[in-house]
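In what follows, a structure is listed as structure tokens, so that the remarks can point back to it.
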4 protein chains.
Amino acid sequence: MLTYRRRIQIEWGDCDAAGTVFFPRYFEYGDACTNALFGKAGLFKRTMLKTYNIPGLPIVDVRARFIIPSDFGDEVVYETSITEWGRSSFMVRHQVYRPDGSLSLEIFEKRAWVKRISEDPVKFQSEPIPDEVRKRFTDDSAV
Amino acid sequence: MLTYRRRIQIEWGDCDAAGTVFFPRYFEYGDACTNALFGKAGLFKRTMLKTYNIPGLPIVDVRARFIIPSDFGDEVVYETSITEWGRSSFMVRHQVYRPDGSLSLEIFEKRAWVKRISEDPVKFQSEPIPDEVRKRFTDDSAV
Amino acid sequence: MLTYRRRIQIEWGDCDAAGTVFFPRYFEYGDACTNALFGKAGLFKRTMLKTYNIPGLPIVDVRARFIIPSDFGDEVVYETSITEWGRSSFMVRHQVYRPDGSLSLEIFEKRAWVKRISEDPVKFQSEPIPDEVRKRFTDDSAV
Amino acid sequence: MLTYRRRIQIEWGDCDAAGTVFFPRYFEYGDACTNALFGKAGLFKRTMLKTYNIPGLPIVDVRARFIIPSDFGDEVVYETSITEWGRSSFMVRHQVYRPDGSLSLEIFEKRAWVKRISEDPVKFQSEPIPDEVRKRFTDDSAV
């Protein structure tokens, strides 16, 4: 299973007036790691969107558990992988660790493989995920 | 059950390069609506934090379902209420509607009532939610 | 001179760990007001981009003066207008007022009228602003 | 003159619907680099705020010139230094370079050294910058 790791430094502007990370920031970092995981698999997002004529990798469902908060100056590590493949959707898991190795939070993103069905940017239709895409993440020989 | 409603206009900067809302923005708007719901209940956040010596209303678990995407210029309506009360946590639900009344997305935030246990901004301990807080949302006579 | 006004409530997530607005947020609100000013002039952004085949209204220079900070729960008013027209650029001014009428900050955005010169999203070339665009902001009979 | 350099990868969520970086993001990255420059000078922000009883390093004036836009997947380098010291303010300059060495943008932040004058988070008063702070950036023997 292909895994992407990124060290992230919590910035002052990531924190809200309570002094800890404003939680939507964790989803922003997660989204960046999902894109980087695809990049690591050889699927650079902008090229992939053109190749497959898809508008993005839209989230249909997301869940997160927040266990230990972080503060400005803390460094966390995102570990990102795809844990499940469906016909036209897949599940991305981000496990985010504190420097001492404890789990800070987990995010589970269910993303869909969709095609635009018109010029309207909000009209999509689900499509089967191409085998060659899935294989890049699961086939040990391919990665 | 106390409900807060806010009309939100999707901005250009809320959208990512796919042309639809970058999903963490929905959590930012949701967080603002949760704070406004407390405000409607007479609990203005900054005052409440001092009164009860709490650092905020930290999210411990959040889930969202995204049904219909939105685009720059669209207007959506957030409907926010607290659907469940536990001893030291509560569940906020945001239902977000499109102008035609269809459900665009739903967010479920589980938030904790915690006290700081030191000056360290990341150290908390759960506390029972004060009755007077809960009553402001549930007691029809009080609101 | 066409002016657009918007009342903006400062959100918890707009503030950083110092407890006042994280300054890039003011530019986000300003950008939304610039788009709304064009909308008020009858130039809805997404339509305008197609009509004139422009990629956006890119900022080439921006300056801001911050006079009085704001905090969560404060309400400010953006007043937005175009104060200068060049051949292929224009100057947007945002004056942001506190509830007591004092000036909180000012933003001056110099924006360019450009055309894409290839499919590459970062390649532009300046173009004269169409007269019919300018007139919508300056000609009293047209607005 | 102490200089801080950071390589930044442009993320999908940094770009707006025009496909290039939404300009307020550049100020967010700049703010992070200013904090990191202070960190490099031995002044970790959270500690510094306590040591000197200051609420932050508030921006009083900021200007930016945008020369070449960037797109998702591009990598830029921020070079950050303090170019001027006043009695109670200083000027931070960020020069942001593209991989080919061309200048993408420049930011000039004028920041003030202020003390809180009450519990009110929006009330400040300017103070002379302590010599020992300035010296960490300018005294070659100290760095």
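Identifiers for the structure tokens are assigned positionally: chains receive A, B, ... in sequence, residues are indexed from 1 per chain, and ligands are indexed from 1 in the order shown.
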
Chain C residues within 10 Å of chain A, counting only C-alpha atoms: which ones, as a list of chain:residue names?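 Every residue of chain C that passes the 10 Å test is in C:Glu11, C:Trp12, C:Gly13, C:Asp14, C:Cys15, C:Asp16, C:Ala17, C:Ala18, C:Gly19, C:Thr20, C:Val21, C:Phe22, C:Phe23, C:Pro24, C:Asp71, C:Phe72.
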
If you run DSSP over the backbone, which residues in chain B end up alpha helix (DSSP H)? Put them as a VMD selection string. chain B and resid 24 to 40 45 to 52 131 to 138

So how far away is atom CA of Gly73 of chain C from atom CA of Leu49 of chain B, in Å?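 Separating atom CA of Leu49 of chain B from atom CA of Gly73 of chain C is a distance of 13.4 Å.
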
Rotated and translated chain D onto chain A by C-alpha atoms, as a short mmCIF file (atom, residue, chain, number, x, y, z; two decimals) with N, CA and C atoms, in the first residue's frame:
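Contents of superposed.cif, as written:
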```
data_model
loop_
_atom_site.label_atom_id
_atom_site.label_comp_id
_atom_site.auth_asym_id
_atom_site.auth_seq_id
_atom_site.Cartn_x
_atom_site.Cartn_y
_atom_site.Cartn_z
N MET D 1 0.81 -1.19 -0.01
CA MET D 1 -0.03 0.01 0.00
C MET D 1 0.86 1.25 -0.01
N LEU D 2 0.65 2.08 -0.99
CA LEU D 2 1.47 3.27 -1.13
C LEU D 2 1.12 4.27 -0.01
N THR D 3 2.13 4.80 0.65
CA THR D 3 1.89 5.77 1.72
C THR D 3 2.71 7.03 1.48
N TYR D 4 2.10 8.17 1.76
CA TYR D 4 2.80 9.45 1.62
C TYR D 4 2.92 10.06 3.01
N ARG D 5 4.10 10.58 3.32
CA ARG D 5 4.33 11.21 4.63
C ARG D 5 4.74 12.66 4.44
N ARG D 6 4.17 13.55 5.24
CA ARG D 6 4.60 14.96 5.21
C ARG D 6 4.67 15.50 6.63
N ARG D 7 5.79 16.16 6.90
CA ARG D 7 6.00 16.85 8.16
C ARG D 7 5.38 18.24 8.02
N ILE D 8 4.53 18.64 8.92
CA ILE D 8 3.86 19.94 8.83
C ILE D 8 4.09 20.73 10.11
N GLN D 9 4.51 21.98 9.91
CA GLN D 9 4.74 22.84 11.06
C GLN D 9 3.49 23.70 11.26
N ILE D 10 2.97 23.68 12.45
CA ILE D 10 1.76 24.47 12.73
C ILE D 10 2.13 25.95 12.77
N GLU D 11 1.41 26.73 11.97
CA GLU D 11 1.70 28.16 11.89
C GLU D 11 0.78 28.97 12.80
N TRP D 12 1.22 30.16 13.13
CA TRP D 12 0.44 31.11 13.93
C TRP D 12 -0.95 31.32 13.34
N GLY D 13 -0.99 31.50 12.03
CA GLY D 13 -2.26 31.74 11.33
C GLY D 13 -3.14 30.50 11.22
N ASP D 14 -2.61 29.33 11.57
CA ASP D 14 -3.43 28.11 11.61
C ASP D 14 -4.24 28.03 12.90
N CYS D 15 -3.83 28.82 13.89
CA CYS D 15 -4.45 28.74 15.21
C CYS D 15 -5.52 29.81 15.34
N ASP D 16 -6.57 29.49 16.05
CA ASP D 16 -7.61 30.47 16.29
C ASP D 16 -7.40 31.13 17.64
N ALA D 17 -8.36 31.92 18.06
CA ALA D 17 -8.18 32.71 19.27
C ALA D 17 -8.07 31.85 20.53
N ALA D 18 -8.37 30.54 20.43
CA ALA D 18 -8.15 29.65 21.58
C ALA D 18 -6.69 29.23 21.68
N GLY D 19 -5.90 29.52 20.64
CA GLY D 19 -4.47 29.23 20.70
C GLY D 19 -4.08 27.87 20.14
N THR D 20 -5.05 27.10 19.68
CA THR D 20 -4.74 25.80 19.05
C THR D 20 -5.28 25.82 17.62
N VAL D 21 -4.92 24.78 16.85
CA VAL D 21 -5.26 24.77 15.42
C VAL D 21 -6.77 24.87 15.20
N PHE D 22 -7.17 25.79 14.33
CA PHE D 22 -8.56 25.92 13.90
C PHE D 22 -8.84 24.69 13.02
N PHE D 23 -9.80 23.84 13.42
CA PHE D 23 -9.87 22.50 12.84
C PHE D 23 -9.99 22.41 11.32
N PRO D 24 -10.63 23.39 10.61
CA PRO D 24 -10.66 23.24 9.15
C PRO D 24 -9.27 23.20 8.51
N ARG D 25 -8.28 23.78 9.20
CA ARG D 25 -6.90 23.73 8.64
C ARG D 25 -6.42 22.29 8.47
N TYR D 26 -6.82 21.40 9.38
CA TYR D 26 -6.39 20.00 9.26
C TYR D 26 -6.91 19.37 7.96
N PHE D 27 -8.10 19.78 7.54
CA PHE D 27 -8.63 19.25 6.28
C PHE D 27 -7.87 19.83 5.09
N GLU D 28 -7.45 21.09 5.20
CA GLU D 28 -6.64 21.69 4.12
C GLU D 28 -5.33 20.93 3.97
N TYR D 29 -4.66 20.67 5.09
CA TYR D 29 -3.40 19.92 5.02
C TYR D 29 -3.66 18.51 4.49
N GLY D 30 -4.76 17.91 4.91
CA GLY D 30 -5.10 16.57 4.43
C GLY D 30 -5.30 16.56 2.92
N ASP D 31 -6.02 17.55 2.43
CA ASP D 31 -6.25 17.63 0.98
C ASP D 31 -4.93 17.72 0.22
N ALA D 32 -4.01 18.53 0.76
CA ALA D 32 -2.70 18.66 0.11
C ALA D 32 -1.98 17.31 0.10
N CYS D 33 -2.11 16.56 1.19
CA CYS D 33 -1.44 15.25 1.26
C CYS D 33 -2.09 14.24 0.32
N THR D 34 -3.40 14.29 0.16
CA THR D 34 -4.05 13.41 -0.82
C THR D 34 -3.51 13.70 -2.22
N ASN D 35 -3.43 14.98 -2.57
CA ASN D 35 -2.89 15.33 -3.89
C ASN D 35 -1.44 14.85 -4.04
N ALA D 36 -0.67 14.98 -2.96
CA ALA D 36 0.74 14.56 -3.01
C ALA D 36 0.86 13.04 -3.10
N LEU D 37 -0.08 12.32 -2.48
CA LEU D 37 -0.09 10.86 -2.60
C LEU D 37 -0.31 10.47 -4.07
N PHE D 38 -1.26 11.13 -4.71
CA PHE D 38 -1.47 10.86 -6.14
C PHE D 38 -0.21 11.23 -6.94
N GLY D 39 0.41 12.32 -6.58
CA GLY D 39 1.66 12.70 -7.25
C GLY D 39 2.72 11.63 -7.09
N LYS D 40 2.83 11.08 -5.87
CA LYS D 40 3.81 10.03 -5.61
C LYS D 40 3.51 8.78 -6.45
N ALA D 41 2.21 8.58 -6.75
CA ALA D 41 1.80 7.44 -7.58
C ALA D 41 1.94 7.75 -9.07
N GLY D 42 2.50 8.90 -9.37
CA GLY D 42 2.72 9.26 -10.78
C GLY D 42 1.53 9.96 -11.41
N LEU D 43 0.56 10.36 -10.58
CA LEU D 43 -0.63 11.01 -11.11
C LEU D 43 -0.66 12.46 -10.62
N PHE D 44 0.06 13.31 -11.30
CA PHE D 44 0.07 14.73 -10.94
C PHE D 44 -1.31 15.28 -11.26
N LYS D 45 -1.89 15.95 -10.26
CA LYS D 45 -3.33 16.28 -10.35
C LYS D 45 -3.74 17.01 -11.63
N ARG D 46 -3.04 18.09 -11.97
CA ARG D 46 -3.50 18.86 -13.13
C ARG D 46 -3.48 18.02 -14.42
N THR D 47 -2.45 17.21 -14.55
CA THR D 47 -2.36 16.33 -15.72
C THR D 47 -3.46 15.26 -15.68
N MET D 48 -3.65 14.67 -14.50
CA MET D 48 -4.66 13.62 -14.33
C MET D 48 -6.06 14.14 -14.69
N LEU D 49 -6.37 15.37 -14.26
CA LEU D 49 -7.71 15.92 -14.56
C LEU D 49 -7.92 16.00 -16.07
N LYS D 50 -6.86 16.37 -16.79
CA LYS D 50 -7.00 16.44 -18.25
C LYS D 50 -7.07 15.05 -18.87
N THR D 51 -6.16 14.18 -18.44
CA THR D 51 -6.10 12.82 -19.01
C THR D 51 -7.45 12.12 -18.91
N TYR D 52 -8.07 12.24 -17.73
CA TYR D 52 -9.30 11.49 -17.48
C TYR D 52 -10.56 12.35 -17.59
N ASN D 53 -10.37 13.61 -17.92
CA ASN D 53 -11.51 14.53 -18.05
C ASN D 53 -12.39 14.55 -16.80
N ILE D 54 -11.73 14.65 -15.65
CA ILE D 54 -12.46 14.73 -14.38
C ILE D 54 -12.25 16.12 -13.78
N PRO D 55 -13.21 16.62 -12.99
CA PRO D 55 -13.13 17.99 -12.47
C PRO D 55 -12.27 18.09 -11.21
N GLY D 56 -11.88 16.96 -10.63
CA GLY D 56 -11.17 16.93 -9.36
C GLY D 56 -11.44 15.58 -8.75
N LEU D 57 -11.22 15.48 -7.46
CA LEU D 57 -11.52 14.23 -6.75
C LEU D 57 -12.46 14.59 -5.61
N PRO D 58 -13.73 14.89 -5.95
CA PRO D 58 -14.63 15.47 -4.95
C PRO D 58 -14.87 14.55 -3.75
N ILE D 59 -14.92 15.19 -2.60
CA ILE D 59 -15.22 14.51 -1.34
C ILE D 59 -16.72 14.30 -1.25
N VAL D 60 -17.13 13.08 -0.96
CA VAL D 60 -18.57 12.87 -0.75
C VAL D 60 -18.89 12.68 0.73
N ASP D 61 -17.90 12.25 1.48
CA ASP D 61 -18.12 12.01 2.90
C ASP D 61 -16.77 12.18 3.57
N VAL D 62 -16.75 12.82 4.72
CA VAL D 62 -15.48 12.95 5.43
C VAL D 62 -15.75 12.85 6.91
N ARG D 63 -14.85 12.18 7.62
CA ARG D 63 -14.98 12.10 9.07
C ARG D 63 -13.62 12.34 9.68
N ALA D 64 -13.59 12.96 10.84
CA ALA D 64 -12.31 13.14 11.53
C ALA D 64 -12.52 12.98 13.02
N ARG D 65 -11.51 12.42 13.65
CA ARG D 65 -11.46 12.30 15.11
C ARG D 65 -10.28 13.11 15.58
N PHE D 66 -10.50 13.99 16.54
CA PHE D 66 -9.44 14.85 17.05
C PHE D 66 -9.09 14.38 18.46
N ILE D 67 -7.86 13.97 18.65
CA ILE D 67 -7.48 13.34 19.91
C ILE D 67 -6.61 14.27 20.76
N ILE D 68 -5.51 14.77 20.18
CA ILE D 68 -4.64 15.69 20.91
C ILE D 68 -4.47 16.95 20.07
N PRO D 69 -4.81 18.11 20.63
CA PRO D 69 -4.69 19.35 19.86
C PRO D 69 -3.22 19.74 19.67
N SER D 70 -2.97 20.64 18.73
CA SER D 70 -1.63 21.15 18.53
C SER D 70 -1.65 22.66 18.56
N ASP D 71 -0.49 23.20 18.74
CA ASP D 71 -0.30 24.61 19.02
C ASP D 71 0.76 25.15 18.05
N PHE D 72 0.82 26.45 17.88
CA PHE D 72 1.85 27.09 17.07
C PHE D 72 3.24 26.56 17.46
N GLY D 73 4.01 26.19 16.46
CA GLY D 73 5.37 25.73 16.70
C GLY D 73 5.47 24.22 16.79
N ASP D 74 4.33 23.57 17.03
CA ASP D 74 4.34 22.10 17.03
C ASP D 74 4.57 21.59 15.61
N GLU D 75 5.10 20.39 15.53
CA GLU D 75 5.28 19.76 14.24
C GLU D 75 4.54 18.45 14.27
N VAL D 76 3.74 18.20 13.25
CA VAL D 76 3.03 16.94 13.18
C VAL D 76 3.41 16.25 11.87
N VAL D 77 3.15 14.94 11.81
CA VAL D 77 3.42 14.19 10.58
C VAL D 77 2.12 13.59 10.08
N TYR D 78 1.78 13.92 8.83
CA TYR D 78 0.65 13.29 8.16
C TYR D 78 1.14 12.01 7.49
N GLU D 79 0.41 10.91 7.68
CA GLU D 79 0.65 9.68 6.94
C GLU D 79 -0.61 9.37 6.17
N THR D 80 -0.49 9.34 4.87
CA THR D 80 -1.67 9.31 4.00
C THR D 80 -1.64 8.09 3.10
N SER D 81 -2.74 7.36 3.08
CA SER D 81 -2.82 6.22 2.16
C SER D 81 -4.27 5.99 1.77
N ILE D 82 -4.47 5.20 0.76
CA ILE D 82 -5.83 4.83 0.34
C ILE D 82 -6.10 3.45 0.92
N THR D 83 -7.12 3.38 1.77
CA THR D 83 -7.35 2.14 2.52
C THR D 83 -8.45 1.27 1.92
N GLU D 84 -9.23 1.83 0.99
CA GLU D 84 -10.33 1.06 0.40
C GLU D 84 -10.60 1.57 -1.01
N TRP D 85 -10.89 0.64 -1.90
CA TRP D 85 -11.25 1.01 -3.27
C TRP D 85 -12.64 0.47 -3.56
N GLY D 86 -13.54 1.34 -3.99
CA GLY D 86 -14.85 0.91 -4.48
C GLY D 86 -14.86 1.02 -6.00
N ARG D 87 -16.00 0.81 -6.57
CA ARG D 87 -16.12 0.87 -8.04
C ARG D 87 -15.85 2.30 -8.54
N SER D 88 -16.47 3.28 -7.86
CA SER D 88 -16.30 4.65 -8.33
C SER D 88 -16.00 5.59 -7.16
N SER D 89 -15.52 5.01 -6.08
CA SER D 89 -15.08 5.86 -4.97
C SER D 89 -13.96 5.15 -4.23
N PHE D 90 -13.26 5.90 -3.39
CA PHE D 90 -12.17 5.31 -2.61
C PHE D 90 -12.04 6.07 -1.31
N MET D 91 -11.40 5.43 -0.34
CA MET D 91 -11.29 6.01 0.99
C MET D 91 -9.82 6.36 1.26
N VAL D 92 -9.59 7.64 1.56
CA VAL D 92 -8.25 8.09 1.93
C VAL D 92 -8.20 8.23 3.44
N ARG D 93 -7.14 7.70 4.04
CA ARG D 93 -6.97 7.88 5.48
C ARG D 93 -5.72 8.70 5.76
N HIS D 94 -5.88 9.72 6.61
CA HIS D 94 -4.74 10.50 7.11
C HIS D 94 -4.60 10.19 8.59
N GLN D 95 -3.45 9.70 8.97
CA GLN D 95 -3.16 9.57 10.41
C GLN D 95 -2.11 10.62 10.72
N VAL D 96 -2.40 11.41 11.73
CA VAL D 96 -1.53 12.56 12.01
C VAL D 96 -0.91 12.35 13.39
N TYR D 97 0.41 12.34 13.40
CA TYR D 97 1.14 12.00 14.62
C TYR D 97 1.86 13.21 15.21
N ARG D 98 1.95 13.21 16.51
CA ARG D 98 2.74 14.20 17.26
C ARG D 98 4.20 13.73 17.29
N PRO D 99 5.12 14.63 17.63
CA PRO D 99 6.55 14.23 17.61
C PRO D 99 6.85 13.03 18.52
N ASP D 100 6.07 12.83 19.57
CA ASP D 100 6.33 11.68 20.47
C ASP D 100 5.69 10.39 19.93
N GLY D 101 5.11 10.44 18.75
CA GLY D 101 4.54 9.24 18.14
C GLY D 101 3.09 8.99 18.49
N SER D 102 2.52 9.81 19.36
CA SER D 102 1.10 9.61 19.69
C SER D 102 0.22 10.15 18.56
N LEU D 103 -0.96 9.56 18.43
CA LEU D 103 -1.89 9.94 17.36
C LEU D 103 -2.61 11.23 17.75
N SER D 104 -2.47 12.25 16.92
CA SER D 104 -3.11 13.54 17.19
C SER D 104 -4.53 13.56 16.63
N LEU D 105 -4.68 13.05 15.41
CA LEU D 105 -6.02 13.02 14.79
C LEU D 105 -6.00 12.06 13.62
N GLU D 106 -7.18 11.71 13.18
CA GLU D 106 -7.36 10.87 12.00
C GLU D 106 -8.43 11.49 11.12
N ILE D 107 -8.21 11.45 9.81
CA ILE D 107 -9.22 11.91 8.85
C ILE D 107 -9.50 10.77 7.87
N PHE D 108 -10.77 10.58 7.57
CA PHE D 108 -11.18 9.59 6.57
C PHE D 108 -11.97 10.33 5.50
N GLU D 109 -11.40 10.39 4.31
CA GLU D 109 -12.07 11.10 3.20
C GLU D 109 -12.60 10.07 2.20
N LYS D 110 -13.88 10.09 1.94
CA LYS D 110 -14.42 9.27 0.85
C LYS D 110 -14.52 10.17 -0.38
N ARG D 111 -13.77 9.81 -1.40
CA ARG D 111 -13.73 10.63 -2.61
C ARG D 111 -14.30 9.86 -3.80
N ALA D 112 -14.92 10.59 -4.69
CA ALA D 112 -15.59 9.96 -5.84
C ALA D 112 -14.82 10.21 -7.12
N TRP D 113 -14.95 9.27 -8.03
CA TRP D 113 -14.42 9.44 -9.38
C TRP D 113 -15.62 9.83 -10.25
N VAL D 114 -15.61 11.05 -10.73
CA VAL D 114 -16.79 11.56 -11.44
C VAL D 114 -16.38 12.25 -12.73
N LYS D 115 -17.32 12.30 -13.65
CA LYS D 115 -17.12 13.09 -14.87
C LYS D 115 -18.10 14.25 -14.88
N ARG D 116 -17.65 15.34 -15.45
CA ARG D 116 -18.59 16.44 -15.70
C ARG D 116 -19.61 15.94 -16.73
N ILE D 117 -20.87 16.37 -16.57
CA ILE D 117 -21.84 15.97 -17.59
C ILE D 117 -22.33 17.18 -18.39
N SER D 118 -21.75 18.34 -18.09
CA SER D 118 -22.04 19.54 -18.89
C SER D 118 -20.99 20.57 -18.51
N GLU D 119 -21.12 21.75 -19.06
CA GLU D 119 -20.19 22.84 -18.72
C GLU D 119 -20.42 23.35 -17.29
N ASP D 120 -21.58 23.04 -16.76
CA ASP D 120 -21.94 23.50 -15.42
C ASP D 120 -21.00 22.86 -14.39
N PRO D 121 -20.23 23.69 -13.64
CA PRO D 121 -19.24 23.10 -12.74
C PRO D 121 -19.82 22.29 -11.59
N VAL D 122 -21.12 22.32 -11.38
CA VAL D 122 -21.67 21.54 -10.27
C VAL D 122 -22.39 20.26 -10.71
N LYS D 123 -22.34 19.94 -11.99
CA LYS D 123 -23.01 18.73 -12.48
C LYS D 123 -21.99 17.62 -12.74
N PHE D 124 -22.10 16.55 -11.98
CA PHE D 124 -21.18 15.42 -12.12
C PHE D 124 -21.97 14.12 -12.28
N GLN D 125 -21.26 13.07 -12.67
CA GLN D 125 -21.85 11.72 -12.73
C GLN D 125 -20.73 10.74 -12.39
N SER D 126 -21.02 9.78 -11.51
CA SER D 126 -19.95 8.89 -11.10
C SER D 126 -19.56 7.95 -12.24
N GLU D 127 -18.31 7.56 -12.23
CA GLU D 127 -17.71 6.73 -13.29
C GLU D 127 -16.87 5.66 -12.62
N PRO D 128 -16.73 4.50 -13.24
CA PRO D 128 -15.81 3.51 -12.66
C PRO D 128 -14.37 4.05 -12.65
N ILE D 129 -13.67 3.80 -11.56
CA ILE D 129 -12.27 4.20 -11.49
C ILE D 129 -11.46 3.35 -12.47
N PRO D 130 -10.68 3.97 -13.35
CA PRO D 130 -9.88 3.18 -14.29
C PRO D 130 -8.93 2.24 -13.55
N ASP D 131 -8.80 1.02 -14.05
CA ASP D 131 -7.92 0.04 -13.43
C ASP D 131 -6.49 0.56 -13.29
N GLU D 132 -6.03 1.26 -14.32
CA GLU D 132 -4.64 1.72 -14.30
C GLU D 132 -4.40 2.75 -13.19
N VAL D 133 -5.47 3.43 -12.77
CA VAL D 133 -5.33 4.38 -11.65
C VAL D 133 -5.18 3.58 -10.34
N ARG D 134 -6.12 2.68 -10.12
CA ARG D 134 -6.09 1.88 -8.90
C ARG D 134 -4.77 1.12 -8.75
N LYS D 135 -4.32 0.56 -9.84
CA LYS D 135 -3.10 -0.26 -9.79
C LYS D 135 -1.87 0.51 -9.31
N ARG D 136 -1.85 1.76 -9.59
CA ARG D 136 -0.69 2.57 -9.17
C ARG D 136 -0.56 2.63 -7.64
N PHE D 137 -1.65 2.38 -6.94
CA PHE D 137 -1.62 2.45 -5.48
C PHE D 137 -1.54 1.07 -4.83
N THR D 138 -1.94 0.04 -5.57
CA THR D 138 -2.10 -1.26 -4.93
C THR D 138 -1.15 -2.32 -5.46
N ASP D 139 -0.72 -2.15 -6.69
CA ASP D 139 0.11 -3.18 -7.32
C ASP D 139 1.56 -2.93 -6.94
N ASP D 140 2.09 -3.83 -6.13
CA ASP D 140 3.46 -3.61 -5.65
C ASP D 140 4.47 -3.54 -6.78
N SER D 141 4.20 -4.28 -7.83
CA SER D 141 5.15 -4.29 -8.94
C SER D 141 5.16 -2.95 -9.68
N ALA D 142 4.02 -2.25 -9.59
CA ALA D 142 3.92 -1.01 -10.36
C ALA D 142 4.54 0.18 -9.64
N VAL D 143 4.71 0.08 -8.33
CA VAL D 143 5.14 1.28 -7.59
C VAL D 143 6.62 1.20 -7.20
#
```

List every residue of segment 31-64 of chain B that DSSP, applied to the backbone of this structure, places in strand (DSSP E), and write the result as a ChimeraX atom specification. /B:59-64

For the selection just defined, write its residues with N, CA, C and O atoms to a file, as a short mmCIF file (atom, residue, chain, number, x, y, z; two decimals), in the first residue's frame.
```
data_model
loop_
_atom_site.label_atom_id
_atom_site.label_comp_id
_atom_site.auth_asym_id
_atom_site.auth_seq_id
_atom_site.Cartn_x
_atom_site.Cartn_y
_atom_site.Cartn_z
N ILE B 59 -13.76 20.59 18.97
CA ILE B 59 -14.36 19.50 18.21
C ILE B 59 -13.62 18.21 18.55
O ILE B 59 -12.39 18.18 18.49
N VAL B 60 -14.34 17.18 18.89
CA VAL B 60 -13.68 15.90 19.10
C VAL B 60 -13.94 14.94 17.94
O VAL B 60 -13.16 14.01 17.70
N ASP B 61 -15.02 15.16 17.23
CA ASP B 61 -15.38 14.29 16.12
C ASP B 61 -16.22 15.12 15.17
O ASP B 61 -17.06 15.89 15.62
N VAL B 62 -15.98 14.98 13.88
CA VAL B 62 -16.83 15.71 12.94
C VAL B 62 -17.05 14.83 11.72
O VAL B 62 -16.17 14.05 11.33
N ARG B 63 -18.26 14.90 11.19
CA ARG B 63 -18.55 14.15 9.97
C ARG B 63 -19.32 15.06 9.05
O ARG B 63 -20.11 15.90 9.51
N ALA B 64 -19.11 14.88 7.75
CA ALA B 64 -19.90 15.66 6.80
C ALA B 64 -20.22 14.79 5.59
O ALA B 64 -19.43 13.93 5.21
#
```
